[in-house]
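Text of the file data-v1.pdb, holding PDB, C-alpha atoms, pLDDT in the B column:
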ATOM      1  CA  MET O 257      -6.190 -52.490-140.800  1.00 57.00           C
ATOM      2  CA  ASN O 258      -9.632 -51.675-139.509  1.00 91.00           C
ATOM      3  CA  VAL O 259      -9.060 -50.286-136.007  1.00 95.00           C
ATOM      4  CA  PRO O 260     -12.695 -49.371-135.175  1.00 95.00           C
ATOM      5  CA  LEU O 261     -13.853 -52.854-136.188  1.00 96.00           C
ATOM      6  CA  GLY O 262     -11.132 -54.412-134.055  1.00 97.00           C
ATOM      7  CA  VAL O 263     -12.119 -52.312-131.034  1.00 97.00           C
ATOM      8  CA  TRP O 264     -15.794 -53.174-131.597  1.00 96.00           C
ATOM      9  CA  LEU O 265     -15.082 -56.897-131.817  1.00 97.00           C
ATOM     10  CA  LEU O 266     -12.695 -57.055-128.853  1.00 97.00           C
ATOM     11  CA  GLY O 267     -15.025 -54.877-126.788  1.00 96.00           C
ATOM     12  CA  ARG O 268     -17.763 -57.477-127.362  1.00 96.00           C
ATOM     13  CA  GLY O 269     -15.509 -60.398-126.457  1.00 96.00           C
ATOM     14  CA  ARG O 270     -14.750 -61.507-130.011  1.00 97.00           C
ATOM     15  CA  GLY O 271     -11.089 -62.533-130.209  1.00 96.00           C
ATOM     16  CA  ILE O 272     -11.006 -62.273-133.990  1.00 96.00           C
ATOM     17  CA  GLY O 273     -10.799 -58.503-133.473  1.00 96.00           C
ATOM     18  CA  ILE O 274      -7.104 -58.762-132.642  1.00 97.00           C
ATOM     19  CA  ASN O 275      -6.470 -59.476-136.346  1.00 96.00           C
ATOM     20  CA  CYS O 276      -7.588 -55.922-137.167  1.00 96.00           C
ATOM     21  CA  PHE O 277      -4.409 -54.534-135.560  1.00 97.00           C
ATOM     22  CA  ALA O 278      -1.009 -54.570-137.211  1.00 95.00           C
ATOM     23  CA  PRO O 279       2.205 -55.374-135.352  1.00 95.00           C
ATOM     24  CA  GLY O 280       5.184 -53.029-135.330  1.00 95.00           C
ATOM     25  CA  MET O 281       6.243 -49.675-133.976  1.00 96.00           C
ATOM     26  CA  GLN O 282       4.415 -47.478-136.493  1.00 97.00           C
ATOM     27  CA  PRO O 283       0.918 -48.763-135.577  1.00 96.00           C
ATOM     28  CA  LEU O 284       1.897 -48.610-131.893  1.00 97.00           C
ATOM     29  CA  MET O 285       2.985 -44.972-132.197  1.00 97.00           C
ATOM     30  CA  ALA O 286      -0.225 -44.147-134.092  1.00 96.00           C
ATOM     31  CA  ALA O 287      -2.236 -45.700-131.237  1.00 97.00           C
ATOM     32  CA  LEU O 288      -0.251 -43.700-128.669  1.00 97.00           C
ATOM     33  CA  ALA O 289      -0.606 -40.402-130.584  1.00 97.00           C
ATOM     34  CA  PRO O 290      -4.070 -39.375-129.262  1.00 96.00           C
ATOM     35  CA  THR O 291      -2.928 -39.749-125.645  1.00 95.00           C
ATOM     36  CA  VAL O 292       0.214 -37.709-126.346  1.00 95.00           C
ATOM     37  CA  ALA O 293      -1.822 -35.031-128.154  1.00 96.00           C
ATOM     38  CA  ILE O 294      -4.275 -34.696-125.255  1.00 94.00           C
ATOM     39  CA  ALA O 295      -1.370 -34.405-122.809  1.00 93.00           C
ATOM     40  CA  LEU O 296       0.280 -31.701-124.928  1.00 94.00           C
ATOM     41  CA  ILE O 297      -2.970 -29.728-125.135  1.00 95.00           C
ATOM     42  CA  GLY O 298      -3.350 -29.996-121.357  1.00 91.00           C
ATOM     43  CA  ILE O 299       0.236 -28.858-120.767  1.00 92.00           C
ATOM     44  CA  PHE O 300      -0.220 -25.907-123.120  1.00 93.00           C
ATOM     45  CA  GLY O 301      -3.503 -24.976-121.404  1.00 92.00           C
ATOM     46  CA  ALA O 302      -1.915 -25.179-117.942  1.00 89.00           C
ATOM     47  CA  PHE O 303       0.319 -22.223-118.749  1.00 89.00           C
ATOM     48  CA  PHE O 304      -2.779 -20.045-119.112  1.00 90.00           C
ATOM     49  CA  MET O 305      -3.913 -20.880-115.576  1.00 88.00           C
ATOM     50  CA  PRO O 306      -3.144 -18.730-112.534  1.00 90.00           C
ATOM     51  CA  ALA O 307       0.268 -19.552-111.026  1.00 85.00           C
ATOM     52  CA  GLU O 308      -1.208 -21.252-107.935  1.00 85.00           C
ATOM     53  CA  GLN O 309      -3.201 -23.688-110.128  1.00 85.00           C
ATOM     54  CA  ARG O 310      -0.504 -24.363-112.711  1.00 86.00           C
ATOM     55  CA  GLY O 311       1.205 -27.256-110.874  1.00 84.00           C
ATOM     56  CA  LEU O 312      -2.039 -29.150-110.384  1.00 84.00           C
ATOM     57  CA  ARG O 313      -3.106 -28.581-114.006  1.00 86.00           C
ATOM     58  CA  LEU O 314       0.260 -29.801-115.308  1.00 88.00           C
ATOM     59  CA  THR O 315      -0.047 -32.904-113.138  1.00 87.00           C
ATOM     60  CA  GLN O 316      -3.584 -33.537-114.423  1.00 86.00           C
ATOM     61  CA  ALA O 317      -2.395 -33.094-118.012  1.00 87.00           C
ATOM     62  CA  LEU O 318       0.420 -35.601-117.613  1.00 90.00           C
ATOM     63  CA  VAL O 319      -1.232 -38.267-115.465  1.00 89.00           C
ATOM     64  CA  GLN O 320      -2.997 -40.113-118.307  1.00 87.00           C
ATOM     65  CA  LEU O 321       0.125 -40.144-120.460  1.00 91.00           C
ATOM     66  CA  VAL O 322       2.361 -41.337-117.614  1.00 93.00           C
ATOM     67  CA  CYS O 323      -0.182 -43.980-116.597  1.00 92.00           C
ATOM     68  CA  THR O 324      -0.420 -45.217-120.196  1.00 94.00           C
ATOM     69  CA  LEU O 325       3.359 -45.365-120.589  1.00 96.00           C
ATOM     70  CA  LEU O 326       3.709 -47.125-117.235  1.00 95.00           C
ATOM     71  CA  GLN O 327       1.188 -49.761-118.265  1.00 95.00           C
ATOM     72  CA  LEU O 328       3.014 -50.250-121.581  1.00 97.00           C
ATOM     73  CA  VAL O 329       6.297 -50.816-119.731  1.00 97.00           C
ATOM     74  CA  VAL O 330       4.681 -53.263-117.293  1.00 97.00           C
ATOM     75  CA  SER O 331       2.991 -55.186-120.111  1.00 97.00           C
ATOM     76  CA  GLU O 332       6.174 -55.317-122.189  1.00 97.00           C
ATOM     77  CA  ARG O 333       8.203 -56.651-119.255  1.00 97.00           C
ATOM     78  CA  TYR O 334       5.570 -59.255-118.387  1.00 97.00           C
ATOM     79  CA  ALA O 335       5.202 -60.298-122.046  1.00 97.00           C
ATOM     80  CA  ALA O 336       8.976 -60.804-122.211  1.00 97.00           C
ATOM     81  CA  TYR O 337       8.882 -62.789-118.952  1.00 97.00           C
ATOM     82  CA  ALA O 338       6.075 -64.987-120.304  1.00 96.00           C
ATOM     83  CA  GLY O 339       7.863 -65.562-123.630  1.00 96.00           C
ATOM     84  CA  ARG O 340       5.341 -63.528-125.640  1.00 96.00           C
ATOM     85  CA  LYS O 341       7.508 -60.549-126.593  1.00 96.00           C
ATOM     86  CA  GLY O 342       7.002 -61.188-130.316  1.00 96.00           C
ATOM     87  CA  LEU O 343       3.251 -60.606-129.890  1.00 97.00           C
ATOM     88  CA  TRP O 344       3.623 -57.507-127.726  1.00 97.00           C
ATOM     89  CA  SER O 345       3.523 -54.662-130.298  1.00 97.00           C
ATOM     90  CA  ARG O 346       0.225 -55.836-131.821  1.00 97.00           C
ATOM     91  CA  TYR O 347      -1.211 -56.432-128.332  1.00 98.00           C
ATOM     92  CA  ALA O 348      -0.063 -52.975-127.164  1.00 98.00           C
ATOM     93  CA  THR O 349      -1.603 -51.329-130.227  1.00 98.00           C
ATOM     94  CA  ALA O 350      -4.922 -53.102-129.643  1.00 98.00           C
ATOM     95  CA  SER O 351      -4.774 -52.288-125.932  1.00 97.00           C
ATOM     96  CA  LEU O 352      -4.176 -48.574-126.552  1.00 97.00           C
ATOM     97  CA  TRP O 353      -7.059 -48.305-129.011  1.00 97.00           C
ATOM     98  CA  CYS O 354      -9.392 -50.378-126.814  1.00 97.00           C
ATOM     99  CA  ALA O 355      -8.603 -48.135-123.826  1.00 95.00           C
ATOM    100  CA  TRP O 356     -10.798 -45.457-125.440  1.00 95.00           C
ATOM    101  CA  LEU O 357     -13.854 -47.727-125.400  1.00 96.00           C
ATOM    102  CA  PRO O 358     -14.652 -47.326-121.662  1.00 93.00           C
ATOM    103  CA  LEU O 359     -14.505 -43.531-122.034  1.00 91.00           C
ATOM    104  CA  LEU O 360     -16.931 -43.725-124.936  1.00 94.00           C
ATOM    105  CA  MET O 361     -19.201 -45.985-122.894  1.00 92.00           C
ATOM    106  CA  MET O 362     -19.099 -43.526-119.975  1.00 88.00           C
ATOM    107  CA  ILE O 363     -20.148 -40.653-122.232  1.00 89.00           C
ATOM    108  CA  MET O 364     -22.946 -42.688-123.797  1.00 91.00           C
ATOM    109  CA  ALA O 365     -24.176 -43.968-120.414  1.00 87.00           C
ATOM    110  CA  GLU O 366     -24.325 -40.436-119.019  1.00 84.00           C
ATOM    111  CA  GLY O 367     -26.232 -39.293-122.110  1.00 86.00           C
ATOM    112  CA  VAL O 368     -28.761 -42.104-121.743  1.00 87.00           C
ATOM    113  CA  MET O 369     -29.140 -41.348-118.029  1.00 84.00           C
ATOM    114  CA  ARG O 370     -29.832 -37.691-118.790  1.00 83.00           C
ATOM    115  CA  MET O 371     -32.583 -38.726-121.208  1.00 86.00           C
ATOM    116  CA  VAL O 372     -34.130 -41.419-119.002  1.00 84.00           C
ATOM    117  CA  MET O 373     -33.909 -39.709-115.623  1.00 80.00           C
ATOM    118  CA  PRO O 374     -32.968 -36.069-116.162  1.00 78.00           C
ATOM    119  CA  GLY O 375     -33.385 -35.071-112.514  1.00 77.00           C
ATOM    120  CA  ASN O 376     -31.082 -37.731-111.058  1.00 74.00           C
ATOM    121  CA  ALA O 377     -28.503 -38.153-113.821  1.00 67.00           C
ATOM    122  CA  SER O 378     -26.116 -35.616-112.290  1.00 71.00           C
ATOM    123  CA  SER O 379     -26.326 -36.960-108.760  1.00 76.00           C
ATOM    124  CA  PRO O 380     -23.010 -38.112-107.265  1.00 77.00           C
ATOM    125  CA  ALA O 381     -24.428 -41.608-106.691  1.00 79.00           C
ATOM    126  CA  ALA O 382     -25.520 -41.997-110.324  1.00 79.00           C
ATOM    127  CA  ILE O 383     -22.197 -40.745-111.684  1.00 78.00           C
ATOM    128  CA  ALA O 384     -20.222 -42.941-109.279  1.00 79.00           C
ATOM    129  CA  GLY O 385     -22.349 -45.958-110.205  1.00 83.00           C
ATOM    130  CA  VAL O 386     -21.767 -45.473-113.914  1.00 84.00           C
ATOM    131  CA  ALA O 387     -18.055 -44.824-113.341  1.00 83.00           C
ATOM    132  CA  ALA O 388     -17.706 -47.978-111.219  1.00 87.00           C
ATOM    133  CA  GLY O 389     -19.494 -50.062-113.858  1.00 90.00           C
ATOM    134  CA  VAL O 390     -17.312 -48.661-116.618  1.00 91.00           C
ATOM    135  CA  GLN O 391     -14.161 -49.319-114.551  1.00 90.00           C
ATOM    136  CA  LEU O 392     -15.195 -52.943-114.035  1.00 94.00           C
ATOM    137  CA  TYR O 393     -15.762 -53.295-117.772  1.00 96.00           C
ATOM    138  CA  SER O 394     -12.369 -51.675-118.361  1.00 95.00           C
ATOM    139  CA  LEU O 395     -10.697 -54.279-116.146  1.00 96.00           C
ATOM    140  CA  TRP O 396     -12.436 -57.076-118.040  1.00 97.00           C
ATOM    141  CA  LEU O 397     -11.424 -55.519-121.377  1.00 97.00           C
ATOM    142  CA  THR O 398      -7.801 -55.220-120.244  1.00 97.00           C
ATOM    143  CA  TRP O 399      -7.843 -58.878-119.216  1.00 98.00           C
ATOM    144  CA  TYR O 400      -9.503 -59.995-122.443  1.00 98.00           C
ATOM    145  CA  VAL O 401      -7.221 -58.061-124.794  1.00 98.00           C
ATOM    146  CA  THR O 402      -4.226 -59.414-122.861  1.00 98.00           C
ATOM    147  CA  ARG O 403      -5.504 -62.970-123.083  1.00 98.00           C
ATOM    148  CA  VAL O 404      -6.251 -62.772-126.807  1.00 97.00           C
ATOM    149  CA  GLY O 405      -3.441 -60.446-127.893  1.00 97.00           C
ATOM    150  CA  LEU O 406      -0.637 -62.255-126.097  1.00 97.00           C
ATOM    151  CA  MET O 407      -2.196 -65.716-126.372  1.00 97.00           C
ATOM    152  CA  MET O 408      -2.001 -66.181-122.609  1.00 97.00           C
ATOM    153  CA  THR O 409      -3.908 -68.394-120.259  1.00 97.00           C
ATOM    154  CA  ALA O 410      -6.693 -66.812-118.235  1.00 97.00           C
ATOM    155  CA  LEU O 411      -4.461 -66.818-115.140  1.00 98.00           C
ATOM    156  CA  GLN O 412      -1.542 -65.174-116.946  1.00 97.00           C
ATOM    157  CA  ALA O 413      -3.922 -62.482-118.221  1.00 97.00           C
ATOM    158  CA  VAL O 414      -5.213 -61.955-114.666  1.00 98.00           C
ATOM    159  CA  ILE O 415      -1.639 -61.520-113.415  1.00 97.00           C
ATOM    160  CA  MET O 416      -0.918 -58.969-116.168  1.00 97.00           C
ATOM    161  CA  THR O 417      -4.131 -57.059-115.381  1.00 97.00           C
ATOM    162  CA  VAL O 418      -3.303 -57.027-111.657  1.00 97.00           C
ATOM    163  CA  LEU O 419       0.254 -55.832-112.332  1.00 97.00           C
ATOM    164  CA  GLN O 420      -0.985 -53.027-114.599  1.00 96.00           C
ATOM    165  CA  THR O 421      -3.669 -52.023-112.101  1.00 94.00           C
ATOM    166  CA  LEU O 422      -1.241 -52.062-109.169  1.00 96.00           C
ATOM    167  CA  SER O 423       1.251 -49.925-111.085  1.00 95.00           C
ATOM    168  CA  ALA O 424      -1.510 -47.350-111.675  1.00 92.00           C
ATOM    169  CA  VAL O 425      -2.560 -47.482-108.005  1.00 92.00           C
ATOM    170  CA  VAL O 426       1.047 -46.885-106.899  1.00 94.00           C
ATOM    171  CA  LEU O 427       1.265 -43.940-109.306  1.00 92.00           C
ATOM    172  CA  PHE O 428      -2.028 -42.531-107.985  1.00 90.00           C
ATOM    173  CA  GLY O 429      -0.785 -42.947-104.406  1.00 90.00           C
ATOM    174  CA  LEU O 430       2.408 -41.069-105.167  1.00 90.00           C
ATOM    175  CA  LEU O 431       0.448 -38.292-106.864  1.00 88.00           C
ATOM    176  CA  TRP O 432      -1.734 -37.965-103.784  1.00 87.00           C
ATOM    177  CA  LEU O 433       1.186 -37.978-101.322  1.00 89.00           C
ATOM    178  CA  LEU O 434       3.487 -35.585-103.174  1.00 83.00           C
ATOM    179  CA  PRO O 435       2.763 -31.929-103.961  1.00 78.00           C
ATOM    180  CA  PRO O 436       0.464 -30.734-105.478  1.00 77.00           C
ATOM    181  CA  HIS O 437      -1.437 -33.658-103.823  1.00 79.00           C
ATOM    182  CA  TYR O 438      -3.538 -34.595-106.827  1.00 82.00           C
ATOM    183  CA  ASN O 439      -6.224 -37.215-106.125  1.00 82.00           C
ATOM    184  CA  ALA O 440      -6.514 -38.968-109.502  1.00 80.00           C
ATOM    185  CA  LEU O 441      -9.162 -41.374-108.188  1.00 73.00           C
ATOM    186  CA  VAL O 442     -11.629 -38.507-107.794  1.00 72.00           C
ATOM    187  CA  ASP O 443     -11.293 -37.692-111.502  1.00 69.00           C
ATOM    188  CA  LEU O 444     -11.303 -41.381-112.420  1.00 63.00           C
ATOM    189  CA  PHE O 445     -14.643 -41.964-110.707  1.00 60.00           C
ATOM    190  CA  GLY O 446     -16.424 -38.943-112.119  1.00 52.00           C
ATOM    191  CA  GLY O 447     -15.476 -36.238-109.633  1.00 51.00           C
ATOM    192  CA  VAL O 448     -17.291 -37.690-106.611  1.00 44.00           C
TER     193      VAL O 448
END
Output the file's structure in the form of structure tokens.
Amino acid sequence: MNVPLGVWLLGRGRGIGINCFAPGMQPLMAALAPTVAIALIGIFGAFFMPAEQRGLRLTQALVQLVCTLLQLVVSERYAAYAGRKGLWSRYATASLWCAWLPLLMMIMAEGVMRMVMPGNASSPAAIAGVAAGVQLYSLWLTWYVTRVGLMMTALQAVIMTVLQTLSAVVLFGLLWLLPPHYNALVDLFGGV
């Protein structure tokens, strides 16, 4: 299957892109592998930090993986509830691969900003603006991949997107309330 083509097509709102992803556990595990690898690298790197920073670094290393797994659980439960469980593994694979697209867009947008307006590209307002735009696109992409991948109505896809977003917000709230009091939203919106 042609994963980059599928991501490109779905990212542009072309539903045919879902056909570039295979169903089953092996493609799903392959799509999850980069997130797991990044978490493992972060965990390994945290042990080289001073003791007082280690807890926060471990939390930062695990937050993306836990958030991804949480969203997979929420989507699987909702797909089962909506009678779409048979479509879930292909949807989840497409969703995991498409989740990298907003990050790529953020990097490219920051690069373009640095070329176009080098003096203001690093300002907190510019970074927050780009991050907010990318997050809005990410919400749309989550909705669209859900709608196409699980063959849901627009409303069902909205409900799934809201449930996944709320689960992440609850996780972020818990991370902020409990030690080491990590504010994931600051990192999510570009450190502003």
Taking the file as shown, find all residues satisfying the PyMOL selection byres ((chain O and resi 359) around 12) and write them as a PyMOL selection string.
chain O and resi 353-358+360-366+386-387+389-391+393-394+444-446
Please identify all polymer residues within 10 Å of Cys323 (chain O), counting only C-alpha atoms, omitting same-chain residues fewer than 5 positions from it, and present them as a ChimeraX atom specification.
/O:318,328-329,420-421,423-425,427-428
Written file, previous selection with C-alpha atoms, as a compact mmCIF listing (two decimals), in the frame of the given file:
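After the write, result-v3.txt holds the following:
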# COMPACT_ATOMS: atom_id res chain seq x y z
CA LEU O 318 0.42 -35.60 -117.61
CA LEU O 328 3.01 -50.25 -121.58
CA VAL O 329 6.30 -50.82 -119.73
CA GLN O 420 -0.98 -53.03 -114.60
CA THR O 421 -3.67 -52.02 -112.10
CA SER O 423 1.25 -49.92 -111.08
CA ALA O 424 -1.51 -47.35 -111.68
CA VAL O 425 -2.56 -47.48 -108.00
CA LEU O 427 1.26 -43.94 -109.31
CA PHE O 428 -2.03 -42.53 -107.98
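Shortest separation to Ala338 (chain O) among O:Leu395, O:Leu422, O:Leu325, O:Leu406 occurs at residue O:Leu406, atoms counted being all atoms listed in the file.
Nearest to Gly271 (chain O) of all the residues O:Val372, O:Leu326, O:Ile383, O:Ala350 is O:Ala350, counting all atoms listed in the file.
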Check which residues satisfy the PyMOL selection byres ((chain O and resi 287-295) around 12) in the file shown, then give them as a PyMOL selection string.
chain O and resi 259-260+263+277-286+296-302+313-325+328+345-356
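From CA of Gln327 (chain O) back to CA of Cys276 (chain O), the distance works out to 21.7 Å.
You will find CA of Gly385 (chain O) at 18.8 Å from CA of Asn439 (chain O).
Using all atoms listed in the file, the nearest neighbour of Trp396 (chain O) within the list O:Pro306, O:Leu265, O:Ala413, O:Lys341 is O:Ala413.
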Distance CA of Thr398 (chain O)-CA of Gly269 (chain O), one decimal place?
11.2 Å
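Comparing O:Val426, O:Ile274, O:Leu261, O:Ala382 by their smallest distance to Gly405 (chain O), the closest is O:Ile274 (using all atoms listed in the file).
Nearest to Gly273 (chain O) of all the residues O:Gln309, O:Ala410, O:Val442, O:Val401 is O:Val401, based on all atoms listed in the file.
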Completed region 290-304 of chain O (N, CA, C and O atoms) as a PDB file, keeping the file's coordinate frame:
ATOM      1  N   PRO O 290      -2.997 -40.162-129.887  1.00 96.00           N
ATOM      2  CA  PRO O 290      -4.070 -39.375-129.262  1.00 96.00           C
ATOM      3  C   PRO O 290      -3.805 -39.052-127.791  1.00 96.00           C
ATOM      4  O   PRO O 290      -4.087 -37.945-127.339  1.00 96.00           O
ATOM      5  N   THR O 291      -3.235 -39.985-127.057  1.00 95.00           N
ATOM      6  CA  THR O 291      -2.928 -39.749-125.645  1.00 95.00           C
ATOM      7  C   THR O 291      -1.859 -38.675-125.507  1.00 95.00           C
ATOM      8  O   THR O 291      -1.953 -37.789-124.653  1.00 95.00           O
ATOM      9  N   VAL O 292      -0.843 -38.721-126.361  1.00 95.00           N
ATOM     10  CA  VAL O 292       0.214 -37.709-126.346  1.00 95.00           C
ATOM     11  C   VAL O 292      -0.366 -36.339-126.718  1.00 95.00           C
ATOM     12  O   VAL O 292      -0.050 -35.327-126.073  1.00 95.00           O
ATOM     13  N   ALA O 293      -1.229 -36.303-127.724  1.00 96.00           N
ATOM     14  CA  ALA O 293      -1.822 -35.031-128.154  1.00 96.00           C
ATOM     15  C   ALA O 293      -2.659 -34.406-127.040  1.00 96.00           C
ATOM     16  O   ALA O 293      -2.571 -33.195-126.790  1.00 96.00           O
ATOM     17  N   ILE O 294      -3.453 -35.218-126.352  1.00 94.00           N
ATOM     18  CA  ILE O 294      -4.275 -34.696-125.255  1.00 94.00           C
ATOM     19  C   ILE O 294      -3.394 -34.162-124.132  1.00 94.00           C
ATOM     20  O   ILE O 294      -3.673 -33.107-123.552  1.00 94.00           O
ATOM     21  N   ALA O 295      -2.300 -34.872-123.843  1.00 93.00           N
ATOM     22  CA  ALA O 295      -1.370 -34.405-122.809  1.00 93.00           C
ATOM     23  C   ALA O 295      -0.737 -33.077-123.210  1.00 93.00           C
ATOM     24  O   ALA O 295      -0.632 -32.156-122.380  1.00 93.00           O
ATOM     25  N   LEU O 296      -0.332 -32.949-124.466  1.00 94.00           N
ATOM     26  CA  LEU O 296       0.280 -31.701-124.928  1.00 94.00           C
ATOM     27  C   LEU O 296      -0.703 -30.528-124.868  1.00 94.00           C
ATOM     28  O   LEU O 296      -0.327 -29.411-124.480  1.00 94.00           O
ATOM     29  N   ILE O 297      -1.945 -30.778-125.223  1.00 95.00           N
ATOM     30  CA  ILE O 297      -2.970 -29.728-125.135  1.00 95.00           C
ATOM     31  C   ILE O 297      -3.163 -29.318-123.677  1.00 95.00           C
ATOM     32  O   ILE O 297      -3.259 -28.123-123.369  1.00 95.00           O
ATOM     33  N   GLY O 298      -3.202 -30.300-122.779  1.00 91.00           N
ATOM     34  CA  GLY O 298      -3.350 -29.996-121.357  1.00 91.00           C
ATOM     35  C   GLY O 298      -2.173 -29.210-120.805  1.00 91.00           C
ATOM     36  O   GLY O 298      -2.342 -28.284-120.006  1.00 91.00           O
ATOM     37  N   ILE O 299      -0.963 -29.573-121.211  1.00 92.00           N
ATOM     38  CA  ILE O 299       0.236 -28.858-120.767  1.00 92.00           C
ATOM     39  C   ILE O 299       0.195 -27.420-121.270  1.00 92.00           C
ATOM     40  O   ILE O 299       0.460 -26.474-120.515  1.00 92.00           O
ATOM     41  N   PHE O 300      -0.131 -27.251-122.538  1.00 93.00           N
ATOM     42  CA  PHE O 300      -0.220 -25.907-123.120  1.00 93.00           C
ATOM     43  C   PHE O 300      -1.274 -25.083-122.377  1.00 93.00           C
ATOM     44  O   PHE O 300      -1.045 -23.928-122.035  1.00 93.00           O
ATOM     45  N   GLY O 301      -2.434 -25.683-122.101  1.00 92.00           N
ATOM     46  CA  GLY O 301      -3.503 -24.976-121.404  1.00 92.00           C
ATOM     47  C   GLY O 301      -3.145 -24.626-119.972  1.00 92.00           C
ATOM     48  O   GLY O 301      -3.619 -23.624-119.422  1.00 92.00           O
ATOM     49  N   ALA O 302      -2.293 -25.439-119.339  1.00 89.00           N
ATOM     50  CA  ALA O 302      -1.915 -25.179-117.942  1.00 89.00           C
ATOM     51  C   ALA O 302      -1.163 -23.867-117.803  1.00 89.00           C
ATOM     52  O   ALA O 302      -1.250 -23.199-116.764  1.00 89.00           O
ATOM     53  N   PHE O 303      -0.451 -23.470-118.835  1.00 89.00           N
ATOM     54  CA  PHE O 303       0.319 -22.223-118.749  1.00 89.00           C
ATOM     55  C   PHE O 303      -0.560 -20.984-118.809  1.00 89.00           C
ATOM     56  O   PHE O 303      -0.095 -19.877-118.555  1.00 89.00           O
ATOM     57  N   PHE O 304      -1.832 -21.171-119.116  1.00 90.00           N
ATOM     58  CA  PHE O 304      -2.779 -20.045-119.112  1.00 90.00           C
ATOM     59  C   PHE O 304      -3.560 -19.969-117.803  1.00 90.00           C
ATOM     60  O   PHE O 304      -4.422 -19.116-117.650  1.00 90.00           O
TER      61      PHE O 304
END
